[in-house]
Each structure stands twice: as C-alpha cells, then as structure tokens.
Amino acid sequence: MKFLDLAPLARINTFLDHVDVGDYVVYGNLEAYSCKLAGLDKKLSKSLDQEVQLDSSPLELSASPVGPLAEPSSRKTLIYLILTLNHIYPDYDFSLLRAHHFVKEDGVSKVEEAIDTHLLEVSKVWSKTPGFGESPFLECLWSSIDEAINLKDCDMYQYKSDLETDPFGEIASIWSFNYFFYNRKMKRILYFSCKAVSKVSVEEDTDASEGNVYDEGSDADERYGMANEMDV
C-alpha cells in the first residue's frame, strides 16, 4: 500500500486536524492509498490470504460483507481494508480482523447523508475560517473525494469498532465514523474517519489525573515521613 499525496485531500485534512465546534472538538482524517503491494505488505497479504481461507466458515466462503471469501478477489478486498488500517494506525495491529468486522454500504447517497449530518457543525466553522470558507465545506469535501477516488465506481465499507482494542474507543468520544471507498478499477482506497470528543469530559479527565498525581505525592510524602520518624 502506497500513500498518495493528493493536494485536494491535504487541504481538507489540514482543516479537519482539529475543529472546535463549541462543546466538542472534531478530529478528522482523509487518506488515499494505492493498492499496489510490496515488501512487508506483500508478505502479510500472502499470510492473511491463507489465514482467511482457514478461518472462514462455510457461510462466509459463500457470502460475506466483502463478497464470497472462496473467491480470491473478495479476500483481496478484505486484505486491502486490513492493510489500510494498519498503515493509518501503526500503533495497532488489525491483522486479526475478518470480513464480519466490516459492513458494506448500500450506496453513495446514504454514506454522504450520514457524513453530512455528522459534519454540519464543522461546515459552519469552515465558513468562518480565513483561507477555507470561500466555498461550502461539504461541497469542497465531496468534490475532493470524488476527484481522488471517482465515487460512482466505488464500493463502500465501514469498520465496526469493538471500542476496546482499536483507536475508536476513547471515553470522551461523542460520535465517530470511518468509511472506506474502494475503487477496483483505479486499484485505490480512500479512507475517511472523524470523531467528536467532548471538551467537558477531557477537562474532567485532566482534572482527575492532576488530582490523582497530587494525592499520590501527598501519600508518598506521608509514608516517607512516617518512615523517617520511625528510623529516628
């Protein structure tokens, strides 16, 4: 998998890096990858292909969210999804994911509607931000995505997070989404994720952590003080 440095996506990414909408902050990530495999990706792909065939039930071999896993093209789709997550979140290992961890979306319009609803407040910030707000945010977003991946030729998937073993389970998270746009003809995947993190929860966690550090220090001082007195 090779990261594709595409200027329209880079501009959107710069804006989505940290968007304060008032009660919460939105963090977004929009990346495109070529599905050409080499090096470690190629090696992992071969091992995953074997593991998926061995791990899959008879039902999954005939039908799954990425297609019948008895077919090499369906296994390849699953492997691309896994490798994309591994590249974007290098501190996590997604190699144990299987087809049932993903959902295939019905069509572009439903995905657009879901994303637009989540990013309504973000679009308001965009319109007020110098250097960004000359055109509506959602218009710029979807034109950039379409330019990068050609939406009409895409299959779309969403990863079903378990909220425990991956980066999507943050306690202060209000909502999150992650979508894959896979264009077989272009041999390219575009990944788009966003999460909204409560500012109140973050501040409370920070205050609690600072309080714990203080208390632990005080307890330690008392213990050391007692020990010194006993030594004397």
# chains A, B, ... in the order shown; residues from 1 in each chain; ligands from 1

call {"tool": "select_by_dssp", "arguments": {"residues": "segment 1-159 of chain A", "states": "helix (DSSP H, G or I)", "output": "ChimeraX atom specification"}}
result
/A:7-16,39-55,58-62,72-88,99-101,108-118,120-128,137-149,151-153

call {"tool": "residues_around", "arguments": {"residues": "segment 21-31 of chain A", "least_positions_apart": "2", "cutoff": "7 Å", "atoms": "only C-alpha atoms", "output": "list in words"}}
result
Leu9, Asn13, Leu16, Asp17, His18, Val19, Tyr33, Glu121, Val122, Val125, Leu190, Tyr191, Phe192, Ser193, Cys194, Lys195, Ala196, Val197, Ser198 and Lys199 of chain A

call {"tool": "closest_residue", "arguments": {"among": "A:Leu40, A:Ser57, A:Arg184, A:Leu119", "to": "Ser74 of chain A", "atoms": "only C-alpha atoms"}}
result
A:Arg184

call {"tool": "residues_around", "arguments": {"residues": "Glu147 of chain A", "least_positions_apart": "4", "cutoff": "12 Å", "atoms": "only C-alpha atoms", "output": "short mmCIF file (atom, residue, chain, number, x, y, z; two decimals) with N, CA and C atoms, in the first residue's frame"}}
result
data_model
loop_
_atom_site.label_atom_id
_atom_site.label_comp_id
_atom_site.auth_asym_id
_atom_site.auth_seq_id
_atom_site.Cartn_x
_atom_site.Cartn_y
_atom_site.Cartn_z
N LEU A 6 -2.29 13.69 -2.27
CA LEU A 6 -3.19 14.40 -3.20
C LEU A 6 -3.54 15.76 -2.60
N ALA A 7 -3.26 16.81 -3.34
CA ALA A 7 -3.42 18.18 -2.84
C ALA A 7 -4.84 18.49 -2.33
N PRO A 8 -5.91 18.14 -3.04
CA PRO A 8 -7.26 18.45 -2.53
C PRO A 8 -7.55 17.80 -1.18
N LEU A 9 -7.09 16.56 -0.99
CA LEU A 9 -7.30 15.87 0.29
C LEU A 9 -6.45 16.51 1.38
N ALA A 32 -5.66 8.59 1.01
CA ALA A 32 -5.82 7.70 -0.13
C ALA A 32 -4.57 6.84 -0.29
N CYS A 140 -16.87 21.21 -1.05
CA CYS A 140 -15.43 21.01 -1.23
C CYS A 140 -15.01 19.59 -0.85
N LEU A 141 -15.59 19.09 0.25
CA LEU A 141 -15.25 17.75 0.73
C LEU A 141 -15.56 16.71 -0.33
N TRP A 142 -16.79 16.71 -0.83
CA TRP A 142 -17.20 15.65 -1.76
C TRP A 142 -16.57 15.81 -3.14
N SER A 143 -16.30 17.01 -3.56
CA SER A 143 -15.61 17.19 -4.84
C SER A 143 -14.17 16.69 -4.74
N LEU A 151 -16.24 8.43 -7.11
CA LEU A 151 -17.24 7.80 -6.24
C LEU A 151 -18.18 6.83 -6.95
N LYS A 152 -18.58 7.11 -8.17
CA LYS A 152 -19.58 6.28 -8.84
C LYS A 152 -19.07 4.86 -9.10
N ASP A 153 -17.74 4.67 -9.06
CA ASP A 153 -17.15 3.35 -9.30
C ASP A 153 -16.70 2.66 -8.01
N MET A 186 -9.37 1.68 -10.33
CA MET A 186 -8.20 2.52 -10.06
C MET A 186 -7.18 1.83 -9.16
N LEU A 190 -9.69 4.99 -0.52
CA LEU A 190 -9.71 6.24 0.24
C LEU A 190 -10.38 5.96 1.58
#

call {"tool": "closest_residue", "arguments": {"among": "A:Tyr179, A:Ser161, A:Glu112, A:Asp93", "to": "Glu139 of chain A", "atoms": "only C-alpha atoms"}}
result
A:Glu112
